[in-house]
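Below is start_32.txt, holding compact mmCIF, C-alpha atoms.
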# COMPACT_ATOMS: atom_id res chain seq x y z
CA MET A 1 91.48 -56.90 17.39
CA ILE A 2 88.18 -58.63 18.18
CA PRO A 3 88.81 -62.06 19.74
CA LYS A 4 87.42 -65.07 17.89
CA GLY A 5 83.82 -65.81 18.87
CA VAL A 6 83.12 -62.31 20.15
CA ARG A 7 81.13 -59.67 18.28
CA GLY A 8 82.21 -56.07 18.21
CA CYS A 9 79.50 -55.16 20.73
CA GLY A 10 81.02 -57.59 23.21
CA ASP A 11 78.44 -60.41 23.29
CA ILE A 12 79.82 -63.92 23.01
CA LEU A 13 78.66 -65.82 19.95
CA THR A 14 76.90 -69.00 21.00
CA LYS A 15 77.89 -72.18 19.22
CA LYS A 16 75.12 -74.34 17.76
CA ILE A 17 74.89 -78.06 17.06
CA LEU A 18 72.16 -79.67 14.98
CA TYR A 19 71.36 -83.34 15.56
CA VAL A 20 69.35 -85.01 12.76
CA GLN A 21 67.48 -88.15 13.79
CA THR A 22 66.48 -90.35 10.85
CA SER A 23 66.38 -93.65 12.75
CA GLY A 24 63.07 -95.10 13.85
CA PRO A 25 61.76 -97.35 16.61
CA ASP A 26 63.27 -100.41 14.87
CA SER A 27 66.74 -99.29 15.99
CA PRO A 28 66.15 -98.11 19.58
CA GLU A 29 69.88 -97.98 20.41
CA ARG A 30 70.24 -95.11 17.91
CA LEU A 31 67.48 -93.04 19.51
CA TYR A 32 69.23 -92.07 22.75
CA PRO A 33 72.46 -90.43 21.55
CA PRO A 34 70.97 -87.25 20.03
CA PHE A 35 69.13 -86.41 23.27
CA VAL A 36 72.11 -87.28 25.49
CA LEU A 37 74.52 -85.30 23.31
CA ALA A 38 72.11 -82.36 23.01
CA SER A 39 71.61 -82.23 26.80
CA THR A 40 75.37 -82.25 27.24
CA ALA A 41 75.71 -79.49 24.66
CA ARG A 42 73.29 -77.35 26.68
CA ALA A 43 75.36 -77.97 29.82
CA MET A 44 78.34 -76.68 27.80
CA GLY A 45 76.46 -73.50 26.86
CA ILE A 46 75.92 -74.70 23.28
CA GLU A 47 72.56 -74.30 21.52
CA ALA A 48 71.17 -77.68 20.54
CA THR A 49 68.37 -78.68 18.18
CA VAL A 50 67.19 -82.21 17.41
CA TYR A 51 65.48 -82.42 14.01
CA PHE A 52 63.37 -85.51 13.32
CA LEU A 53 63.33 -86.52 9.68
CA GLY A 54 61.97 -89.50 7.75
CA LYS A 55 61.35 -92.54 9.98
CA GLY A 56 62.69 -90.51 12.91
CA ILE A 57 59.34 -88.74 13.30
CA LEU A 58 57.75 -92.05 14.46
CA VAL A 59 59.81 -91.83 17.63
CA VAL A 60 58.31 -88.54 18.79
CA LYS A 61 54.66 -89.26 17.99
CA LYS A 62 52.56 -88.84 21.12
CA GLY A 63 52.88 -91.90 23.37
CA GLU A 64 55.75 -93.50 21.40
CA PRO A 65 58.90 -92.50 23.36
CA GLN A 66 57.38 -94.06 26.49
CA LYS A 67 57.54 -97.46 24.72
CA VAL A 68 61.28 -97.26 23.95
CA GLN A 69 63.68 -98.62 26.56
CA VAL A 70 67.05 -100.26 26.07
CA GLY A 71 68.72 -102.28 28.85
CA SER A 72 68.96 -100.41 32.12
CA PHE A 73 68.52 -97.01 30.44
CA PRO A 74 65.50 -94.88 31.34
CA THR A 75 62.73 -94.71 28.75
CA LEU A 76 63.32 -92.47 25.76
CA LYS A 77 60.52 -90.25 27.05
CA GLU A 78 62.47 -89.57 30.26
CA VAL A 79 65.64 -88.76 28.31
CA MET A 80 63.69 -86.54 25.92
CA ASP A 81 61.95 -84.65 28.75
CA GLN A 82 65.31 -84.10 30.41
CA ALA A 83 66.72 -82.72 27.16
CA VAL A 84 63.76 -80.36 26.73
CA ALA A 85 64.12 -79.22 30.35
CA ASN A 86 67.77 -78.48 29.57
CA GLY A 87 66.72 -76.22 26.70
CA VAL A 88 67.04 -78.57 23.73
CA GLU A 89 64.78 -77.58 20.84
CA ILE A 90 62.75 -80.29 19.06
CA MET A 91 61.81 -79.90 15.40
CA ILE A 92 59.75 -82.22 13.22
CA CYS A 93 59.76 -82.41 9.44
CA SER A 94 56.23 -81.78 8.20
CA GLN A 95 56.57 -83.79 5.02
CA SER A 96 57.98 -86.78 6.91
CA ALA A 97 54.97 -86.59 9.23
CA GLN A 98 52.65 -86.83 6.24
CA LEU A 99 54.77 -89.56 4.64
CA PHE A 100 54.17 -91.72 7.70
CA GLY A 101 50.48 -90.89 7.96
CA ALA A 102 50.66 -88.37 10.81
CA LYS A 103 48.99 -84.98 10.71
CA ALA A 104 51.56 -82.20 10.40
CA SER A 105 50.34 -80.67 13.64
CA PRO A 106 52.19 -80.16 16.92
CA ASP A 107 49.27 -81.89 18.73
CA GLU A 108 50.29 -85.20 17.15
CA PHE A 109 53.73 -85.11 18.75
CA GLU A 110 55.38 -85.02 22.14
CA GLN A 111 55.65 -81.48 23.44
CA PRO A 112 57.17 -79.07 22.86
CA SER A 113 57.69 -79.81 19.19
CA LYS A 114 57.86 -77.37 16.34
CA ILE A 115 56.67 -78.44 12.89
CA VAL A 116 59.06 -77.16 10.25
CA GLY A 117 60.03 -78.00 6.70
CA ALA A 118 62.80 -78.44 4.19
CA ALA A 119 63.88 -74.80 3.96
CA THR A 120 64.28 -74.65 7.73
CA LEU A 121 66.51 -77.75 7.83
CA ASN A 122 68.72 -76.39 5.05
CA ASP A 123 68.97 -73.07 6.86
CA LEU A 124 69.80 -74.73 10.18
CA ALA A 125 72.50 -76.86 8.56
CA LEU A 126 74.12 -73.78 7.06
CA GLU A 127 73.84 -71.67 10.20
CA CYS A 128 74.98 -74.09 12.87
CA ASP A 129 78.56 -75.03 13.71
CA ALA A 130 78.15 -78.80 13.40
CA VAL A 131 75.60 -81.31 12.14
CA LEU A 132 75.45 -84.87 13.52
CA THR A 133 73.17 -87.42 11.88
CA PHE A 134 71.82 -90.57 13.51
CA MET B 1 59.88 -56.41 11.34
CA PRO B 2 57.61 -53.45 12.14
CA GLU B 3 55.71 -53.48 15.44
CA ARG B 4 52.02 -54.31 15.43
CA GLY B 5 49.96 -51.24 14.58
CA GLU B 6 52.62 -49.88 12.26
CA TRP B 7 51.80 -49.17 8.67
CA PHE B 8 52.39 -52.01 6.22
CA PRO B 9 52.77 -51.51 2.48
CA ARG B 10 49.93 -52.63 0.28
CA PRO B 11 50.83 -55.90 -1.48
CA THR B 12 51.25 -55.75 -5.24
CA LYS B 13 50.11 -59.38 -5.62
CA SER B 14 48.63 -62.12 -3.48
CA LEU B 15 49.44 -65.85 -3.52
CA ASP B 16 47.11 -68.47 -2.06
CA CYS B 17 49.03 -71.47 -0.69
CA LEU B 18 46.21 -72.68 1.57
CA GLY B 19 46.01 -76.47 1.52
CA LEU B 20 49.57 -76.84 0.22
CA TYR B 21 52.32 -78.50 2.20
CA CYS B 22 56.11 -78.37 2.38
CA PRO B 23 57.89 -77.63 0.11
CA GLU B 24 55.14 -76.25 -2.18
CA PRO B 25 54.53 -72.92 -0.36
CA VAL B 26 58.25 -72.08 -0.67
CA PHE B 27 58.41 -73.15 -4.34
CA ARG B 28 55.32 -71.15 -5.30
CA THR B 29 56.38 -68.09 -3.30
CA ARG B 30 59.77 -68.16 -5.01
CA GLU B 31 58.11 -68.30 -8.42
CA GLU B 32 55.54 -65.60 -7.64
CA ILE B 33 57.92 -63.08 -6.10
CA SER B 34 59.88 -63.00 -9.34
CA THR B 35 56.79 -61.47 -10.97
CA VAL B 36 56.64 -58.42 -8.67
CA PRO B 37 59.08 -55.52 -9.08
CA THR B 38 62.03 -55.14 -6.70
CA GLY B 39 60.92 -53.35 -3.52
CA HIS B 40 57.27 -54.35 -3.97
CA VAL B 41 55.39 -56.61 -1.60
CA LEU B 42 53.91 -60.07 -2.14
CA GLU B 43 51.18 -61.35 0.15
CA VAL B 44 51.18 -65.11 0.82
CA LEU B 45 48.45 -67.06 2.60
CA ALA B 46 49.42 -70.50 3.92
CA ASP B 47 48.17 -73.03 6.44
CA ASP B 48 51.09 -75.47 6.50
CA PRO B 49 52.46 -75.16 10.05
CA ALA B 50 55.96 -75.51 8.58
CA SER B 51 55.51 -72.48 6.35
CA GLU B 52 56.27 -69.91 9.05
CA SER B 53 59.85 -70.97 9.61
CA ASP B 54 60.33 -72.21 6.03
CA ILE B 55 59.32 -68.96 4.35
CA ARG B 56 61.48 -66.98 6.77
CA SER B 57 64.46 -69.28 6.07
CA TRP B 58 63.95 -69.14 2.31
CA ALA B 59 63.56 -65.33 2.31
CA LYS B 60 66.74 -64.87 4.33
CA HIS B 61 68.79 -66.84 1.81
CA ALA B 62 66.99 -65.52 -1.26
CA GLY B 63 67.54 -61.88 -0.23
CA HIS B 64 63.92 -60.92 0.44
CA GLU B 65 62.44 -59.38 3.58
CA VAL B 66 59.56 -60.87 5.55
CA ILE B 67 57.90 -57.74 6.90
CA LEU B 68 54.85 -59.34 8.48
CA VAL B 69 53.67 -62.75 9.64
CA GLU B 70 50.23 -62.72 11.20
CA LYS B 71 47.67 -65.33 12.17
CA ILE B 72 44.50 -65.27 10.12
CA GLU B 73 41.50 -67.58 10.28
CA GLY B 74 42.78 -70.99 9.24
CA GLY B 75 46.40 -70.07 8.65
CA LEU B 76 49.05 -67.41 8.33
CA ARG B 77 49.45 -64.28 6.24
CA PHE B 78 52.91 -63.18 5.13
CA LEU B 79 54.00 -59.91 3.59
CA ILE B 80 57.32 -60.28 1.77
CA ARG B 81 59.23 -57.42 0.20
CA ARG B 82 61.17 -58.44 -2.89
CA GLY B 83 64.92 -57.85 -2.63
CA THR B 84 67.20 -57.69 -5.63

Is it possible to express this structure as structure tokens?
Amino acid sequence: MIPKGVRGCGDILTKKILYVQTSGPDSPERLYPPFVLASTARAMGIEATVYFLGKGILVVKKGEPQKVQVGSFPTLKEVMDQAVANGVEIMICSQSAQLFGAKASPDEFEQPSKIVGAATLNDLALECDAVLTF
Amino acid sequence: MPERGEWFPRPTKSLDCLGLYCPEPVFRTREEISTVPTGHVLEVLADDPASESDIRSWAKHAGHEVILVEKIEGGLRFLIRRGT
């Protein structure tokens, strides 16, 4: 019998968590958790993606995360960079970017960001093991 | 997906999605692929940066095969083989 989480060929199936960020700069306390949780997921060997949707895209526009700081926490930029260094993937909804007047181009956003769309989010939600929305 | 330099089937039809943004390229590709016979290939041209992952995601769930994604001047060119 093949143990749970292991394919027949012997490689361990990696778990995946998708974090969807819909909050914007007007609620800074909601902006930290996805990055902190995603970094922790990476430390646990779990694949982690943060998908910015709706007002959430305003947070990752170039130069914006540097402006967010709550209490004694580091800036959002520092937390985001740490998450990226830990292997967290950042995705940005192209239609949300246009909705808020940004060009749907990776150059408009903090790096590394991948511009994706609705089909990708639906696919990610179906393929991953858990979805958390902020 | 075949390696670069491999032979690719000639597309039966071509769809121009240049200038269209999410979710239009996926919607139009879905509509257009229903007009080519099963096993035939649809060519799609798109410049929405989201289209690369979106068309792949859509094709996977819709039962079609993306056999080529290549950069062209001003965008991307997809070859998609219609599944059932």

Here CA of Glu73 in chain B and CA of Pro106 in chain A stand apart by 17.8 Å

Interface list for chain B, partner chain A, 10 Å threshold, only C-alpha atoms, as a ChimeraX atom specification:
/B:21-23,26,48-61

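Interatomic distance, CA of Ile17 in chain A against CA of Ala83 in chain A: 13.8 Å.
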
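Our summary of the geometry notes that CA of Lys55 in chain A is positioned 13.0 Å from CA of Thr133 in chain A.
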
Spatial neighbours of Leu20 in chain B, max dist 8 Å, only C-alpha atoms, sep filter under 4 positions, as a PDB file with C-alpha atoms, in the coordinates of the input:
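The resulting selection_22.pdb:
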ATOM      1  CA  GLU B  24      55.140 -76.250  -2.180  1.00  0.00           C
ATOM      2  CA  PRO B  25      54.530 -72.920  -0.360  1.00  0.00           C
ATOM      3  CA  ALA B  46      49.420 -70.500   3.920  1.00  0.00           C
ATOM      4  CA  ASP B  47      48.170 -73.030   6.440  1.00  0.00           C
ATOM      5  CA  ASP B  48      51.090 -75.470   6.500  1.00  0.00           C
TER       6      ASP B  48
END

Set the distance at 8 Å and use only C-alpha atoms: which residues neighbour range 34-42 of chain B once local chain neighbours fewer than 4 positions away are removed? I'd like the list as a PyMOL selection string.
chain B and resi 9-15+30+78-84

request  = Around the point (69.6, -80.0, 24.3), in the coordinates given by the file, pick out the residues reaching within 8 Å, counting all atoms listed in the file, and return them as a PyMOL selection string.
outcome  = chain A and resi 35-42+47-50+83-84+86-89

Nearest to Glu78 in chain A among A:Glu108, A:Thr22, A:Leu53, A:Tyr32, with distances taken over only C-alpha atoms: which residue is it?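 Distance minimum relative to Glu78 in chain A lands on A:Tyr32.
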
- Residue contacts of Leu31 in chain A (9 Å, all atoms listed in the file) excluding same-chain residues fewer than 6 positions away, as a list in words: Gln21, Ser23, Gly24, Pro25, Gly56, Val59, Val68, Leu76 and Phe134 of chain A

**Prompt:** Of the candidates A:Lys62, A:Ala43, A:Gln69, A:Ala130, which shows the shortest atom-to-atom distance to Gln82 in chain A, using only C-alpha atoms?
**Reply:**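 Ranking A:Lys62, A:Ala43, A:Gln69, A:Ala130 by distance to Gln82 in chain A, first place goes to A:Ala43.
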
Please determine, counting all atoms listed in the file, which residue among A:Thr14, A:Lys103, A:Ala97, A:Ser113 has the shortest atom-to-atom distance to Asp81 in chain A.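 Going through A:Thr14, A:Lys103, A:Ala97, A:Ser113 one by one, the smallest distance to Asp81 in chain A is for A:Ser113.
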
Got a sec to write range 44-77 of chain B of the block to a file, N, CA and C atoms, as an mmCIF file, in the first residue's frame?
data_model
loop_
_atom_site.group_PDB
_atom_site.id
_atom_site.type_symbol
_atom_site.label_atom_id
_atom_site.label_comp_id
_atom_site.auth_asym_id
_atom_site.auth_seq_id
_atom_site.Cartn_x
_atom_site.Cartn_y
_atom_site.Cartn_z
ATOM 1 N N VAL B 44 -3.462 30.977 -30.961
ATOM 2 C CA VAL B 44 -3.980 32.159 -30.266
ATOM 3 C C VAL B 44 -2.835 33.144 -30.076
ATOM 4 N N LEU B 45 -3.079 34.392 -30.428
ATOM 5 C CA LEU B 45 -2.104 35.461 -30.202
ATOM 6 C C LEU B 45 -2.653 36.359 -29.098
ATOM 7 N N ALA B 46 -1.850 36.646 -28.093
ATOM 8 C CA ALA B 46 -2.327 37.459 -26.968
ATOM 9 C C ALA B 46 -1.182 38.270 -26.395
ATOM 10 N N ASP B 47 -1.516 39.450 -25.854
ATOM 11 C CA ASP B 47 -0.464 40.248 -25.215
ATOM 12 C C ASP B 47 -0.773 40.578 -23.752
ATOM 13 N N ASP B 48 -1.859 40.032 -23.225
ATOM 14 C CA ASP B 48 -2.140 40.197 -21.801
ATOM 15 C C ASP B 48 -1.126 39.343 -21.039
ATOM 16 N N PRO B 49 -0.337 39.954 -20.136
ATOM 17 C CA PRO B 49 0.666 39.142 -19.428
ATOM 18 C C PRO B 49 0.045 38.000 -18.630
ATOM 19 N N ALA B 50 -1.247 38.144 -18.275
ATOM 20 C CA ALA B 50 -1.914 37.086 -17.513
ATOM 21 C C ALA B 50 -2.288 35.896 -18.389
ATOM 22 N N SER B 51 -2.262 36.090 -19.702
ATOM 23 C CA SER B 51 -2.799 35.042 -20.577
ATOM 24 C C SER B 51 -1.966 33.766 -20.536
ATOM 25 N N GLU B 52 -0.662 33.875 -20.283
ATOM 26 C CA GLU B 52 0.154 32.658 -20.305
ATOM 27 C C GLU B 52 -0.335 31.649 -19.269
ATOM 28 N N SER B 53 -0.423 32.096 -18.015
ATOM 29 C CA SER B 53 -0.862 31.130 -17.000
ATOM 30 C C SER B 53 -2.356 30.873 -17.098
ATOM 31 N N ASP B 54 -3.137 31.870 -17.525
ATOM 32 C CA ASP B 54 -4.594 31.680 -17.589
ATOM 33 C C ASP B 54 -4.983 30.663 -18.656
ATOM 34 N N ILE B 55 -4.377 30.770 -19.831
ATOM 35 C CA ILE B 55 -4.743 29.840 -20.910
ATOM 36 C C ILE B 55 -4.282 28.424 -20.552
ATOM 37 N N ARG B 56 -3.126 28.313 -19.928
ATOM 38 C CA ARG B 56 -2.676 26.987 -19.472
ATOM 39 C C ARG B 56 -3.665 26.399 -18.459
ATOM 40 N N SER B 57 -4.082 27.237 -17.479
ATOM 41 C CA SER B 57 -5.009 26.764 -16.442
ATOM 42 C C SER B 57 -6.344 26.366 -17.047
ATOM 43 N N TRP B 58 -6.859 27.206 -17.948
ATOM 44 C CA TRP B 58 -8.143 26.902 -18.584
ATOM 45 C C TRP B 58 -8.047 25.591 -19.378
ATOM 46 N N ALA B 59 -6.966 25.456 -20.166
ATOM 47 C CA ALA B 59 -6.822 24.279 -21.032
ATOM 48 C C ALA B 59 -6.775 22.994 -20.205
ATOM 49 N N LYS B 60 -6.063 23.077 -19.075
ATOM 50 C CA LYS B 60 -5.933 21.891 -18.213
ATOM 51 C C LYS B 60 -7.311 21.411 -17.747
ATOM 52 N N HIS B 61 -8.143 22.360 -17.338
ATOM 53 C CA HIS B 61 -9.467 21.985 -16.832
ATOM 54 C C HIS B 61 -10.451 21.678 -17.945
ATOM 55 N N ALA B 62 -10.254 22.282 -19.103
ATOM 56 C CA ALA B 62 -11.197 22.093 -20.216
ATOM 57 C C ALA B 62 -10.845 20.850 -21.035
ATOM 58 N N GLY B 63 -9.687 20.240 -20.762
ATOM 59 C CA GLY B 63 -9.320 19.007 -21.459
ATOM 60 C C GLY B 63 -8.610 19.225 -22.782
ATOM 61 N N HIS B 64 -7.996 20.387 -22.963
ATOM 62 C CA HIS B 64 -7.223 20.660 -24.171
ATOM 63 C C HIS B 64 -5.735 20.653 -23.823
ATOM 64 N N GLU B 65 -4.912 20.617 -24.867
ATOM 65 C CA GLU B 65 -3.463 20.534 -24.630
ATOM 66 C C GLU B 65 -2.754 21.752 -25.218
ATOM 67 N N VAL B 66 -2.041 22.476 -24.358
ATOM 68 C CA VAL B 66 -1.221 23.589 -24.846
ATOM 69 C C VAL B 66 0.082 22.975 -25.331
ATOM 70 N N ILE B 67 0.313 23.009 -26.643
ATOM 71 C CA ILE B 67 1.510 22.332 -27.157
ATOM 72 C C ILE B 67 2.657 23.298 -27.410
ATOM 73 N N LEU B 68 2.353 24.588 -27.424
ATOM 74 C CA LEU B 68 3.431 25.571 -27.594
ATOM 75 C C LEU B 68 3.004 26.915 -27.013
ATOM 76 N N VAL B 69 3.931 27.542 -26.278
ATOM 77 C CA VAL B 69 3.779 28.954 -25.913
ATOM 78 C C VAL B 69 5.100 29.596 -26.284
ATOM 79 N N GLU B 70 5.070 30.554 -27.199
ATOM 80 C CA GLU B 70 6.319 31.216 -27.566
ATOM 81 C C GLU B 70 6.126 32.718 -27.622
ATOM 82 N N LYS B 71 7.233 33.414 -27.319
ATOM 83 C CA LYS B 71 7.213 34.876 -27.368
ATOM 84 C C LYS B 71 7.255 35.314 -28.825
ATOM 85 N N ILE B 72 6.397 36.248 -29.177
ATOM 86 C CA ILE B 72 6.465 36.861 -30.495
ATOM 87 C C ILE B 72 6.567 38.358 -30.265
ATOM 88 N N GLU B 73 6.764 39.118 -31.313
ATOM 89 C CA GLU B 73 6.875 40.568 -31.138
ATOM 90 C C GLU B 73 5.560 41.100 -30.560
ATOM 91 N N GLY B 74 5.628 41.680 -29.390
ATOM 92 C CA GLY B 74 4.451 42.293 -28.783
ATOM 93 C C GLY B 74 3.527 41.345 -28.050
ATOM 94 N N GLY B 75 3.922 40.119 -27.853
ATOM 95 C CA GLY B 75 3.025 39.221 -27.115
ATOM 96 C C GLY B 75 3.445 37.771 -27.105
ATOM 97 N N LEU B 76 2.456 36.906 -27.059
ATOM 98 C CA LEU B 76 2.687 35.466 -26.986
ATOM 99 C C LEU B 76 1.870 34.756 -28.057
ATOM 100 N N ARG B 77 2.391 33.626 -28.499
ATOM 101 C CA ARG B 77 1.672 32.786 -29.458
ATOM 102 C C ARG B 77 1.473 31.412 -28.820
#
